[in-house]
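As stored in data.cif (mmCIF, C-alpha atoms):
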data_final
loop_
_atom_site.label_atom_id
_atom_site.label_comp_id
_atom_site.auth_asym_id
_atom_site.auth_seq_id
_atom_site.Cartn_x
_atom_site.Cartn_y
_atom_site.Cartn_z
CA MET A 1 76.82 84.42 50.53
CA ARG A 2 79.74 84.45 48.07
CA VAL A 3 79.94 88.26 48.18
CA LEU A 4 79.99 88.24 52.00
CA PHE A 5 82.73 85.65 51.99
CA ILE A 6 84.89 87.73 49.64
CA VAL A 7 84.31 90.84 51.77
CA ALA A 8 85.26 88.90 54.91
CA LEU A 9 88.50 87.69 53.29
CA TYR A 10 89.28 91.24 52.20
CA MET A 11 88.69 92.54 55.72
CA VAL A 12 90.90 89.86 57.28
CA ASP A 13 93.63 90.59 54.75
CA SER A 14 93.31 94.34 55.35
CA PHE A 15 93.56 94.02 59.13
CA SER A 16 96.47 91.61 58.76
CA SER A 17 98.30 94.07 56.56
CA LEU A 18 97.50 96.86 58.98
CA SER A 19 98.81 94.89 61.96
CA ASN A 20 102.04 94.04 60.11
CA SER A 21 102.65 97.65 59.10
CA LYS A 22 104.77 100.01 61.11
CA LEU A 23 102.06 102.65 61.36
CA SER A 24 102.02 104.12 64.86
CA GLY A 25 98.78 105.36 66.38
CA VAL A 26 96.91 105.59 63.03
CA LEU A 27 93.74 103.69 62.22
CA ILE A 28 91.75 103.85 58.99
CA ALA A 29 88.12 104.58 59.79
CA GLY A 30 85.10 103.55 57.74
CA ARG A 31 84.99 106.81 55.77
CA GLY A 32 88.70 107.07 55.18
CA GLU A 33 89.14 109.32 58.25
CA LYS A 34 92.24 109.10 60.42
CA TRP A 35 92.34 109.44 64.20
CA ASP A 36 94.80 108.79 66.98
CA ALA A 37 94.47 105.23 68.33
CA GLN A 38 96.70 105.74 71.32
CA VAL A 39 95.20 105.13 74.76
CA PRO A 40 93.67 108.43 75.94
CA GLN A 41 95.30 110.08 78.90
CA LEU A 42 93.52 110.06 82.24
CA LYS A 43 91.28 113.06 82.71
CA ALA A 44 91.76 115.61 85.41
CA PRO A 45 90.28 114.65 88.79
CA MET A 46 86.52 114.98 88.87
CA GLU A 47 84.42 116.52 91.61
CA PRO A 48 84.37 114.33 94.76
CA PRO A 49 81.28 112.07 94.93
CA LEU A 50 78.22 113.39 96.72
CA LEU A 51 78.07 110.58 99.30
CA TYR A 52 81.72 111.06 100.24
CA ARG A 53 81.29 114.83 100.64
CA GLN A 54 78.18 114.44 102.79
CA LEU A 55 79.73 111.74 104.97
CA LEU A 56 82.85 113.85 105.47
CA GLU A 57 80.74 116.81 106.54
CA GLN A 58 78.81 114.76 109.11
CA LEU A 59 81.76 112.75 110.42
CA ARG A 60 83.64 115.97 111.24
CA GLN A 61 81.12 116.54 114.03
CA TRP A 62 82.38 113.57 116.04
CA ILE A 63 85.78 112.50 114.66
CA VAL A 64 88.83 114.68 115.32
CA PRO A 65 91.97 112.92 114.02
CA LYS A 66 95.51 114.25 114.31
CA ASP A 67 95.72 114.55 110.53
CA ARG A 68 92.66 115.63 108.54
CA ARG A 69 93.86 113.53 105.61
CA HIS A 70 93.14 110.44 107.69
CA LEU A 71 89.52 111.51 108.04
CA GLN A 72 89.32 112.04 104.28
CA GLY A 73 90.69 108.56 103.64
CA PHE A 74 88.33 107.11 106.24
CA ALA A 75 85.28 108.84 104.72
CA GLU A 76 86.29 107.79 101.21
CA SER A 77 86.67 104.15 102.26
CA VAL A 78 83.38 104.04 104.18
CA ALA A 79 81.52 105.64 101.27
CA ALA A 80 83.08 103.11 98.88
CA ILE A 81 82.12 100.19 101.17
CA LEU A 82 78.53 101.39 101.40
CA GLN A 83 78.25 101.51 97.61
CA ALA A 84 80.32 98.43 96.72
CA GLN A 85 78.96 96.38 99.67
CA SER A 86 82.26 94.54 99.79
CA GLY A 87 85.27 94.14 102.05
CA CYS A 88 87.47 93.54 99.01
CA LEU A 89 89.65 96.61 98.46
CA SER A 90 89.68 96.27 94.67
CA HIS A 91 85.87 96.48 94.65
CA TRP A 92 86.10 100.01 96.07
CA LEU A 93 88.03 101.38 93.07
CA PRO A 94 85.04 102.49 90.91
CA TYR A 95 83.97 104.77 93.76
CA LEU A 96 87.41 106.41 94.06
CA SER A 97 87.72 107.53 90.44
CA HIS A 98 87.45 111.21 91.46
CA ARG A 99 91.13 111.07 92.39
CA GLY A 100 92.15 110.52 88.77
CA CYS A 101 94.60 107.74 89.71
CA LYS A 102 95.27 104.41 88.07
CA ALA A 103 94.05 101.24 89.76
CA ARG A 104 97.52 100.26 91.02
CA SER A 105 97.95 103.62 92.73
CA HIS A 106 94.53 103.25 94.36
CA MET A 107 95.41 99.78 95.65
CA GLU A 108 98.74 100.96 97.06
CA ARG A 109 97.01 103.81 98.87
CA LEU A 110 94.26 101.54 100.26
CA ASN A 111 96.83 98.96 101.35
CA TYR A 112 98.71 101.71 103.19
CA LEU A 113 95.44 102.86 104.75
CA VAL A 114 94.52 99.52 106.33
CA HIS A 115 98.08 99.09 107.65
CA ASN A 116 98.18 102.58 109.15
CA ASP A 117 98.09 102.34 112.95
CA GLN A 118 96.76 105.93 113.11
CA LEU A 119 93.47 104.68 111.67
CA SER A 120 92.21 103.22 114.96
CA ALA A 121 88.76 102.42 116.30
CA GLU A 122 89.42 104.71 119.25
CA THR A 123 89.72 107.72 116.95
CA PHE A 124 87.27 106.88 114.17
CA TYR A 125 84.68 104.28 115.22
CA GLU A 126 84.12 104.85 118.91
CA PRO A 127 82.95 108.50 118.54
CA LEU A 128 80.27 107.28 116.11
CA LEU A 129 79.16 104.63 118.60
CA GLU A 130 78.95 107.09 121.47
CA HIS A 131 76.70 109.31 119.36
CA ALA A 132 74.48 106.37 118.34
CA LEU A 133 74.13 104.92 121.86
CA GLN A 134 73.52 108.08 123.85
CA ALA A 135 69.77 107.39 124.19
CA PHE A 136 70.45 104.14 126.11
CA GLU A 137 71.44 105.90 129.33
CA GLY A 138 70.00 103.95 132.26
CA GLU A 139 68.65 101.18 129.97
CA GLY A 140 69.15 97.42 130.19
CA LEU A 141 71.53 96.18 127.46
CA THR A 142 72.37 92.67 126.28
CA LEU A 143 75.91 92.11 124.99
CA THR A 144 77.40 89.08 123.25
CA LEU A 145 81.00 87.85 123.29
CA ASP A 146 81.98 85.55 120.45
CA THR A 147 84.67 84.55 117.96
CA SER A 148 84.75 83.68 114.26
CA MET A 149 87.53 82.08 112.24
CA LEU A 150 88.96 83.41 108.97
CA TRP A 151 90.77 80.94 106.70
CA ASP A 152 91.62 78.80 109.78
CA GLN A 153 94.44 81.28 110.41
CA PHE A 154 92.91 84.38 112.00
CA CYS A 155 90.45 84.68 114.87
CA LEU A 156 88.01 87.60 115.03
CA ILE A 157 86.91 88.42 118.60
CA GLU A 158 83.93 90.73 119.06
CA VAL A 159 81.84 92.20 121.84
CA CYS A 160 78.49 93.22 120.34
CA LEU A 161 75.23 94.85 121.36
CA ALA A 162 72.19 92.66 120.65
CA TRP A 163 69.48 95.02 119.42
CA GLY A 164 66.72 94.90 116.82
CA GLY A 165 67.37 91.27 115.91
CA ARG A 166 71.01 91.99 114.99
CA ALA A 167 74.37 92.42 116.68
CA LEU A 168 76.17 95.75 116.52
CA THR A 169 79.94 95.72 117.09
CA LEU A 170 81.14 97.59 120.16
CA SER A 171 84.73 96.40 120.15
CA GLN A 172 86.74 93.92 118.05
CA ARG A 173 90.21 92.71 117.23
CA VAL A 174 91.74 90.10 114.92
CA LEU A 175 94.45 87.75 116.14
CA GLU A 176 96.67 85.45 114.14
CA HIS A 177 95.42 82.43 116.03
CA GLY A 178 94.46 79.06 114.58
CA SER A 179 91.62 78.34 117.02
CA ALA A 180 88.29 79.91 117.99
CA THR A 181 89.20 79.36 121.66
CA VAL A 182 90.99 82.35 123.19
CA GLY A 183 92.17 83.28 126.66
CA PHE A 184 90.81 86.01 128.92
CA GLN A 185 93.87 88.24 128.52
CA GLN A 186 93.34 88.22 124.76
CA TYR A 187 89.82 89.64 124.91
CA ARG A 188 89.97 91.60 128.17
CA PRO A 189 91.00 94.83 126.32
CA LEU A 190 87.76 94.61 124.34
CA LEU A 191 85.68 94.48 127.52
CA GLU A 192 87.63 97.40 128.98
CA THR A 193 86.89 99.40 125.82
CA VAL A 194 83.17 98.62 126.05
CA LEU A 195 83.14 100.00 129.60
CA THR A 196 84.18 103.40 128.26
CA LEU A 197 81.58 103.35 125.46
CA LEU A 198 78.37 102.47 127.28
CA PRO A 199 76.20 105.34 128.50
CA PRO A 200 76.09 105.79 132.29
CA GLY A 201 73.62 103.82 134.39
CA CYS A 202 73.21 100.89 131.98
CA THR A 203 72.31 97.44 133.32
CA VAL A 204 74.39 94.95 131.33
CA THR A 205 73.96 91.23 130.68
CA LEU A 206 76.74 89.41 128.82
CA LEU A 207 76.05 86.24 126.81
CA ALA A 208 78.92 83.99 125.72
CA ASP A 209 79.35 80.62 124.05
CA ARG A 210 81.30 77.59 125.18
CA GLY A 211 84.99 78.29 125.58
CA PHE A 212 84.38 81.49 127.57
CA GLU A 213 83.69 79.83 130.93
CA HIS A 214 86.81 81.43 132.37
CA GLY A 215 87.09 82.18 136.06
CA ALA A 216 88.95 85.44 135.30
CA LEU A 217 86.10 86.58 133.05
CA ILE A 218 83.39 85.84 135.61
CA ARG A 219 85.35 87.62 138.35
CA TRP A 220 85.75 90.64 136.05
CA LEU A 221 82.00 90.65 135.30
CA ARG A 222 81.19 90.53 138.99
CA HIS A 223 83.56 93.41 139.69
CA GLN A 224 81.76 95.51 137.05
CA GLY A 225 78.31 94.53 138.33
CA TRP A 226 77.34 92.86 135.05
CA SER A 227 74.98 89.90 134.85
CA TRP A 228 75.96 86.97 132.67
CA ALA A 229 74.91 83.69 131.04
CA ILE A 230 77.62 81.46 129.57
CA ARG A 231 77.17 78.11 127.89
CA ALA A 232 79.26 75.40 129.58
CA LYS A 233 81.22 72.54 128.06
CA SER A 234 80.10 69.04 128.94
CA ASP A 235 83.43 68.21 130.62
CA LEU A 236 83.34 71.17 133.04
CA ASN A 237 83.30 69.97 136.67
CA VAL A 238 80.48 71.25 138.88
CA SER A 239 80.38 71.03 142.67
CA LEU A 240 76.82 70.49 143.91
CA PRO A 241 75.52 71.91 147.22
CA ARG A 242 75.93 68.57 149.02
CA GLY A 243 79.60 68.36 148.05
CA ALA A 244 79.42 65.91 145.16
CA THR A 245 81.33 66.85 141.99
CA ARG A 246 79.98 65.95 138.58
CA ALA A 247 80.85 66.81 135.01
CA VAL A 248 78.22 68.90 133.26
CA GLY A 249 77.62 66.00 130.87
CA GLN A 250 76.45 63.88 133.82
CA LEU A 251 73.83 66.47 134.74
CA PHE A 252 71.89 66.47 131.48
CA PRO A 253 68.20 65.50 131.86
CA PRO A 254 66.27 62.93 129.80
CA PRO A 255 64.72 64.12 126.52
CA LYS A 256 62.07 66.86 126.81
CA GLN A 257 63.11 67.69 130.36
CA ALA A 258 65.04 70.50 132.06
CA TYR A 259 67.08 70.61 135.27
CA CYS A 260 67.78 73.73 137.34
CA PHE A 261 70.70 73.47 139.77
CA HIS A 262 70.86 76.24 142.35
CA ASN A 263 73.99 77.34 144.21
CA VAL A 264 76.68 75.29 142.47
CA THR A 265 80.42 76.00 142.33
CA VAL A 266 82.59 75.89 139.23
CA LEU A 267 86.21 76.75 138.47
CA GLU A 268 87.13 76.21 142.15
CA ASP A 269 85.57 79.37 143.62
CA ILE A 270 82.83 80.63 141.28
CA ASP A 271 79.42 80.38 142.95
CA CYS A 272 76.62 80.43 140.40
CA HIS A 273 73.67 78.46 139.02
CA LEU A 274 73.35 75.87 136.27
CA ALA A 275 70.43 75.14 133.92
CA THR A 276 70.47 72.10 131.62
CA ALA A 277 67.93 71.06 129.00
CA ASN A 278 67.46 68.28 126.48
CA THR A 279 65.18 69.20 123.57
CA PRO A 280 64.51 67.28 120.34
CA THR A 281 65.01 70.45 118.28
CA ALA A 282 68.64 70.90 119.42
CA SER A 283 71.49 68.74 118.14
CA GLU A 284 72.85 68.35 121.68
CA PRO A 285 71.75 69.18 125.25
CA TRP A 286 72.20 72.68 126.59
CA ALA A 287 74.03 73.71 129.75
CA VAL A 288 74.05 77.37 130.77
CA LEU A 289 75.89 78.88 133.74
CA THR A 290 74.39 82.10 135.09
CA ASP A 291 74.46 84.42 138.07
CA ARG A 292 70.65 84.59 138.08
CA PRO A 293 68.38 81.98 139.70
CA PRO A 294 67.88 79.32 137.00
CA SER A 295 64.55 78.80 135.26
CA LEU A 296 63.21 78.24 131.77
CA GLN A 297 63.84 81.95 131.17
CA THR A 298 67.55 81.20 131.40
CA PHE A 299 67.35 79.45 128.02
CA ALA A 300 65.24 82.26 126.56
CA LEU A 301 67.85 84.79 127.68
CA TYR A 302 70.76 82.82 126.25
CA GLY A 303 68.83 82.24 123.03
CA GLN A 304 69.07 85.97 122.27
CA ARG A 305 72.68 85.35 121.35
CA PHE A 306 71.78 83.24 118.31
CA GLY A 307 69.44 85.81 116.77
CA GLY A 308 72.11 88.50 116.73
CA ILE A 309 75.67 87.29 116.45
CA GLU A 310 75.24 84.57 113.83
CA PRO A 311 73.52 86.84 111.24
CA HIS A 312 76.14 89.45 112.10
CA PHE A 313 79.03 87.18 111.17
CA LYS A 314 77.10 86.13 108.07
CA ASP A 315 76.83 89.80 107.05
CA TYR A 316 80.62 90.02 107.28
CA LYS A 317 81.34 86.90 105.27
CA SER A 318 78.62 86.58 102.64
CA ALA A 319 75.34 88.47 103.08
CA ALA A 320 76.75 91.99 102.85
CA PHE A 321 80.52 92.53 102.82
CA GLU A 322 82.28 89.40 101.49
CA VAL A 323 85.32 89.70 103.78
CA PRO A 324 86.84 86.36 102.61
CA ARG A 325 87.44 88.00 99.23
CA SER A 326 89.59 90.75 100.74
CA HIS A 327 92.80 88.66 100.41
CA LEU A 328 94.28 90.42 103.44
CA ARG A 329 96.51 88.17 105.54
CA ASN A 330 97.66 90.47 108.31
CA ALA A 331 96.01 90.78 111.73
CA GLN A 332 96.49 94.56 111.98
CA ALA A 333 95.15 95.15 108.47
CA LEU A 334 92.16 92.90 109.11
CA THR A 335 91.40 94.69 112.39
CA CYS A 336 91.42 98.01 110.50
CA LEU A 337 89.27 96.55 107.71
CA PHE A 338 86.66 95.35 110.21
CA MET A 339 86.69 98.80 111.81
CA LEU A 340 85.88 100.33 108.41
CA LEU A 341 83.17 97.73 107.80
CA ASP A 342 81.69 98.34 111.25
CA SER A 343 81.58 102.07 110.55
CA ALA A 344 79.74 101.49 107.27
CA TYR A 345 77.49 98.96 109.03
CA LEU A 346 76.60 101.46 111.75
CA ILE A 347 75.80 104.25 109.27
CA ALA A 348 73.55 101.98 107.19
CA PHE A 349 71.96 100.56 110.36
CA VAL A 350 71.10 104.04 111.64
CA LEU A 351 69.70 105.04 108.25
CA GLY A 352 67.49 101.92 108.25
CA ILE A 353 66.15 102.81 111.70
CA MET A 354 65.41 106.37 110.58
CA LEU A 355 63.55 105.03 107.53
CA VAL A 356 61.27 102.99 109.82
CA GLN A 357 60.77 105.91 112.22
CA TRP A 358 59.70 108.18 109.38
CA GLY A 359 57.16 105.62 108.13
CA GLN A 360 58.96 105.25 104.79
CA ARG A 361 59.98 101.59 105.06
CA SER A 362 57.43 100.51 102.44
CA ARG A 363 59.34 102.48 99.82
CA ILE A 364 62.19 99.94 100.11
CA ASP A 365 60.66 96.87 101.79
CA TRP A 366 57.63 95.26 100.14
CA HIS A 367 56.70 93.08 103.16
CA GLY A 368 53.65 93.96 105.22
CA GLU A 369 55.79 94.03 108.37
CA ARG A 370 59.52 94.71 108.40
CA GLY A 371 61.08 91.89 106.39
CA LEU A 372 64.54 93.37 105.93
CA SER A 373 67.12 93.99 108.61
CA PHE A 374 67.96 97.59 109.44
CA LEU A 375 71.30 97.03 107.69
CA GLN A 376 69.69 96.00 104.41
CA LEU A 377 67.12 98.79 104.64
CA GLY A 378 69.89 101.31 105.11
CA LEU A 379 72.04 99.96 102.28
CA ARG A 380 69.13 100.03 99.83
CA GLU A 381 68.11 103.52 100.91
CA LEU A 382 71.69 104.70 100.36
CA HIS A 383 71.62 103.29 96.83
CA ARG A 384 68.38 105.17 96.20
CA LEU A 385 69.80 108.42 97.53
CA CYS A 386 72.93 108.09 95.39
CA TYR A 387 70.91 107.19 92.29
CA GLU A 388 68.60 110.20 92.70
CA ARG A 389 71.46 112.42 93.97
CA LEU A 390 69.54 113.28 97.11
CA PRO A 391 71.15 114.53 100.34
CA LEU A 392 72.07 112.11 103.10
CA PRO A 393 69.90 112.74 106.20
CA VAL A 394 71.61 113.82 109.40
CA LEU A 395 72.43 110.61 111.28
CA GLN A 396 70.40 110.33 114.49
CA PRO A 397 71.04 108.36 117.71
CA PHE A 398 69.30 105.04 118.28
CA PRO A 399 65.80 105.30 119.75
CA ARG A 400 65.14 103.97 123.27
CA TRP A 401 62.54 101.46 122.05
CA HIS A 402 63.61 97.92 121.16
CA PRO A 403 62.14 96.91 117.78
CA PRO A 404 61.09 93.33 117.00
CA THR A 405 63.21 91.11 114.77
CA ALA A 406 62.58 91.38 111.03
CA CYS A 407 60.56 88.56 109.46
CA ALA A 408 60.68 88.03 105.70
CA SER A 409 58.35 85.02 105.67
CA LYS A 410 55.69 83.17 107.64
CA ARG A 411 58.20 80.39 108.25
CA LYS A 412 60.59 82.86 109.88
CA ARG A 413 57.75 84.23 112.00
CA GLN A 414 56.86 80.72 113.12
CA GLN A 415 60.49 80.08 114.10
CA LEU A 416 60.59 83.25 116.18
CA ASN A 417 57.28 82.45 117.85
CA TYR A 418 58.17 78.80 118.43
CA ARG A 419 58.11 77.86 122.08
CA ILE A 420 59.89 74.86 123.52
CA GLU A 421 57.74 72.76 125.80
CA PHE A 422 59.14 70.46 128.45
CA SER A 423 57.35 67.50 129.89
CA ARG A 424 59.07 68.09 133.23
CA VAL A 425 61.21 70.76 134.90
CA THR A 426 63.11 69.77 138.04
CA SER A 427 64.86 72.16 140.45
CA PHE A 428 67.68 71.05 142.74
CA ARG A 429 68.29 73.44 145.61
CA THR A 430 70.20 71.32 148.11
#
The structure given in the file should be rewritten as structure tokens.
Amino acid sequence: MRVLFIVALYMVDSFSSLSNSKLSGVLIAGRGEKWDAQVPQLKAPMEPPLLYRQLLEQLRQWIVPKDRRHLQGFAESVAAILQAQSGCLSHWLPYLSHRGCKARSHMERLNYLVHNDQLSAETFYEPLLEHALQAFEGEGLTLTLDTSMLWDQFCLIEVCLAWGGRALTLSQRVLEHGSATVGFQQYRPLLETVLTLLPPGCTVTLLADRGFEHGALIRWLRHQGWSWAIRAKSDLNVSLPRGATRAVGQLFPPPKQAYCFHNVTVLEDIDCHLATANTPTASEPWAVLTDRPPSLQTFALYGQRFGGIEPHFKDYKSAAFEVPRSHLRNAQALTCLFMLLDSAYLIAFVLGIMLVQWGQRSRIDWHGERGLSFLQLGLRELHRLCYERLPLPVLQPFPRWHPPTACASKRKRQQLNYRIEFSRVTSFRT
């Protein structure tokens, strides 16, 4: 013990003397050797990562930007997102080391990238979507329209495709807007974009939450020939067939009952139908406006919205991409960031579908039936491919079949199979 103590004192004194000396870049090694202690210079740029090179090669098939450097930056960012699984720009840096830059230079370049108006969904994301959706020609599609708040300062508006138990972004934008309630003119451009993306001959049904019961929206949907189901606020006035006007809140049934009101009028000149229900499992009664004759299937149709859009927003914020950690506070930059995330999401989603089609799901997912979403399957398969340095498969379009929702537990399966029973269902036709 005494010998160790003396040695320790000697070492402290030696290092203290060394630190006080004016020696520059010289350190005494254990064997009396000398070597340069200066920080080593950055090495020459390494070979671009395999995933980036493969993505760039495939993306060139569909994306034709004005400047090829934009496609390189896009492919680099998407590859980094897929590996980092984060919307935080600084988390992408380990996957950009092939450029041989310092971290500050990387951050300046990424910050420029997300603020570059040339990096638009029209040029980069929409061609990928058109390739993925081409098999849906003539099919019936269910879309969702919803909003999500970021830091109580920005509002994300999205139109999504509900498919496979998840929602897939078709069009989105971020507004600097302190409320989740937005006007029709603010989200109309998204609907117009979706019109150009859907394959010909599709039969479309749009689902939307409270706050979207806008007369302009419903008129637009009618003009396009789309069906719709929109949840109504309790203070919305409804004109009944006999001329009486009631607030939706006055038309809620007793517990465990459902009412179906045919041929009502809302928003002055919108003729439609109303279905209301009061179930013990819901925190408040439901009221759904629809263009279809109301029945219990009205609630089943509207319920498809919950299974897709809510997990989708969760993937953005916590389950996959951690957008709140991005520290971006600009609507244009956030819109670009979500476009990059959606591109990575779509690639991983397609890869997860292909894994199931090839019968190789069990290599990643230990559940007897599919317990992981297509997104998580794809992300884990990408990690495996990168780890084993295997080639990325050629990305295929979505299949025409509609897969069931993933179930990771018996409890989840019971929730999906749960059926609401009503003691009485009353229809009002006149």
Legend entry - Residues returned when the PyMOL selection byres ((chain A and resi 187) around 12) runs on this file, as a PyMOL selection string: chain A and resi 145-147+155-159+171-175+181-186+188-194+212+214+216-217+220
Inset, instruction - Excluding Ile347 of chain A and any residue of its chain fewer than 4 positions from it, enumerate the residues within 10 Å of it, using only C-alpha atoms, and give them as JSON, numbers by chain. - result: {"A": [55, 78, 79, 82, 128, 129, 132, 341, 342, 343, 351, 352, 375, 378, 379, 382, 395, 396]}
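Here the PyMOL selection byres ((chain A and resi 179) around 8) captures the residues Met149, Asp152, Gln153, Phe154, Cys155, His177, Gly178, Ala180, Thr181 and Val182 of chain A.
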Inset, instruction - Convert the output of the PyMOL selection byres ((chain A and resi 283-292) around 9) on the shown file into explicit residues, formatted as a PyMOL selection string. - result: chain A and resi 213+227-234+248-249+251-253+255+271-282+293-295+298-299+302
Legend entry - Given all atoms listed in the file as the counted atoms, nearest of A:Ser148, A:Gln332, A:Ser105, A:Asn237 to Gln118 of chain A: A:Gln332
Inset, instruction - Would you list the contacts of segment 134-143 of chain A as a list in words, taking every protein, DNA or RNA residue within 7 Å and counting all atoms listed in the file, but skipping same-chain residues closer than 5 positions in sequence? - result: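 The contact residues come out as Val159, Cys160, Leu161, Ala162, Pro199, Pro200, Gly201, Cys202, Thr203, Val204, Thr205, Leu206, Leu207, Pro397, Phe398, Pro399 and Arg400 of chain A.
Closest approach to Ser120 of chain A among A:Lys314, A:His91, A:Arg370, A:His70 is made by A:His70 (distances from all atoms listed in the file).
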Inset, instruction - Calculate how many Å separate atom CA of Gln250 of chain A from atom CA of Glu268 of chain A, rounding to one decimal. - result: 18.3 Å
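Taking atom CA of Ala80 of chain A and atom CA of Thr123 of chain A as the two end points, the separation is 19.8 Å.
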Could you pull segment 117-180 of chain A out of the block above and save it with C-alpha atoms, as a PDB file, in the first residue's frame?
ATOM      1  CA  ASP A 117     -37.047  25.247 -51.571  1.00  0.00           C
ATOM      2  CA  GLN A 118     -35.716  23.116 -54.458  1.00  0.00           C
ATOM      3  CA  LEU A 119     -36.009  20.064 -52.218  1.00  0.00           C
ATOM      4  CA  SER A 120     -39.776  19.706 -52.642  1.00  0.00           C
ATOM      5  CA  ALA A 121     -42.179  16.797 -52.258  1.00  0.00           C
ATOM      6  CA  GLU A 122     -43.290  17.303 -55.846  1.00  0.00           C
ATOM      7  CA  THR A 123     -39.799  16.502 -57.131  1.00  0.00           C
ATOM      8  CA  PHE A 124     -38.563  13.950 -54.609  1.00  0.00           C
ATOM      9  CA  TYR A 125     -41.398  12.266 -52.688  1.00  0.00           C
ATOM     10  CA  GLU A 126     -44.306  12.137 -55.101  1.00  0.00           C
ATOM     11  CA  PRO A 127     -42.472  10.062 -57.775  1.00  0.00           C
ATOM     12  CA  LEU A 128     -41.768   7.435 -55.093  1.00  0.00           C
ATOM     13  CA  LEU A 129     -45.443   7.402 -54.107  1.00  0.00           C
ATOM     14  CA  GLU A 130     -46.632   7.022 -57.679  1.00  0.00           C
ATOM     15  CA  HIS A 131     -44.354   4.006 -58.080  1.00  0.00           C
ATOM     16  CA  ALA A 132     -45.559   2.453 -54.803  1.00  0.00           C
ATOM     17  CA  LEU A 133     -49.288   2.999 -55.471  1.00  0.00           C
ATOM     18  CA  GLN A 134     -49.498   1.928 -59.102  1.00  0.00           C
ATOM     19  CA  ALA A 135     -51.091  -1.444 -58.231  1.00  0.00           C
ATOM     20  CA  PHE A 136     -54.129   0.303 -56.670  1.00  0.00           C
ATOM     21  CA  GLU A 137     -55.652   1.293 -60.004  1.00  0.00           C
ATOM     22  CA  GLY A 138     -59.419   0.830 -59.797  1.00  0.00           C
ATOM     23  CA  GLU A 139     -59.268  -0.116 -56.083  1.00  0.00           C
ATOM     24  CA  GLY A 140     -61.208   1.325 -53.153  1.00  0.00           C
ATOM     25  CA  LEU A 141     -58.968   3.496 -50.945  1.00  0.00           C
ATOM     26  CA  THR A 142     -59.532   4.995 -47.502  1.00  0.00           C
ATOM     27  CA  LEU A 143     -57.842   8.327 -46.792  1.00  0.00           C
ATOM     28  CA  THR A 144     -57.537  10.248 -43.527  1.00  0.00           C
ATOM     29  CA  LEU A 145     -57.257  13.999 -42.990  1.00  0.00           C
ATOM     30  CA  ASP A 146     -55.823  15.088 -39.665  1.00  0.00           C
ATOM     31  CA  THR A 147     -53.571  17.530 -37.822  1.00  0.00           C
ATOM     32  CA  SER A 148     -50.936  17.271 -35.105  1.00  0.00           C
ATOM     33  CA  MET A 149     -49.355  20.033 -33.038  1.00  0.00           C
ATOM     34  CA  LEU A 150     -45.624  20.585 -32.539  1.00  0.00           C
ATOM     35  CA  TRP A 151     -44.520  22.590 -29.484  1.00  0.00           C
ATOM     36  CA  ASP A 152     -47.916  24.391 -29.498  1.00  0.00           C
ATOM     37  CA  GLN A 153     -46.467  26.570 -32.264  1.00  0.00           C
ATOM     38  CA  PHE A 154     -46.614  24.584 -35.504  1.00  0.00           C
ATOM     39  CA  CYS A 155     -49.463  22.572 -36.994  1.00  0.00           C
ATOM     40  CA  LEU A 156     -48.762  19.541 -39.188  1.00  0.00           C
ATOM     41  CA  ILE A 157     -51.576  18.822 -41.669  1.00  0.00           C
ATOM     42  CA  GLU A 158     -51.569  15.471 -43.447  1.00  0.00           C
ATOM     43  CA  VAL A 159     -53.662  13.518 -45.913  1.00  0.00           C
ATOM     44  CA  CYS A 160     -52.773   9.834 -45.510  1.00  0.00           C
ATOM     45  CA  LEU A 161     -53.644   6.461 -46.997  1.00  0.00           C
ATOM     46  CA  ALA A 162     -54.935   3.988 -44.400  1.00  0.00           C
ATOM     47  CA  TRP A 163     -53.441   0.624 -45.337  1.00  0.00           C
ATOM     48  CA  GLY A 164     -52.066  -2.379 -43.474  1.00  0.00           C
ATOM     49  CA  GLY A 165     -52.966  -0.994 -40.050  1.00  0.00           C
ATOM     50  CA  ARG A 166     -50.908   2.176 -40.611  1.00  0.00           C
ATOM     51  CA  ALA A 167     -51.220   5.540 -42.323  1.00  0.00           C
ATOM     52  CA  LEU A 168     -48.951   6.422 -45.228  1.00  0.00           C
ATOM     53  CA  THR A 169     -48.469  10.119 -46.001  1.00  0.00           C
ATOM     54  CA  LEU A 170     -49.755  11.262 -49.381  1.00  0.00           C
ATOM     55  CA  SER A 171     -49.415  15.000 -48.848  1.00  0.00           C
ATOM     56  CA  GLN A 172     -48.409  17.219 -45.911  1.00  0.00           C
ATOM     57  CA  ARG A 173     -47.443  20.720 -44.905  1.00  0.00           C
ATOM     58  CA  VAL A 174     -46.451  22.478 -41.683  1.00  0.00           C
ATOM     59  CA  LEU A 175     -47.946  25.843 -40.747  1.00  0.00           C
ATOM     60  CA  GLU A 176     -46.871  28.231 -38.037  1.00  0.00           C
ATOM     61  CA  HIS A 177     -50.273  28.062 -36.403  1.00  0.00           C
ATOM     62  CA  GLY A 178     -51.018  27.761 -32.700  1.00  0.00           C
ATOM     63  CA  SER A 179     -54.125  25.583 -33.065  1.00  0.00           C
ATOM     64  CA  ALA A 180     -54.989  22.146 -34.463  1.00  0.00           C
TER      65      ALA A 180
END
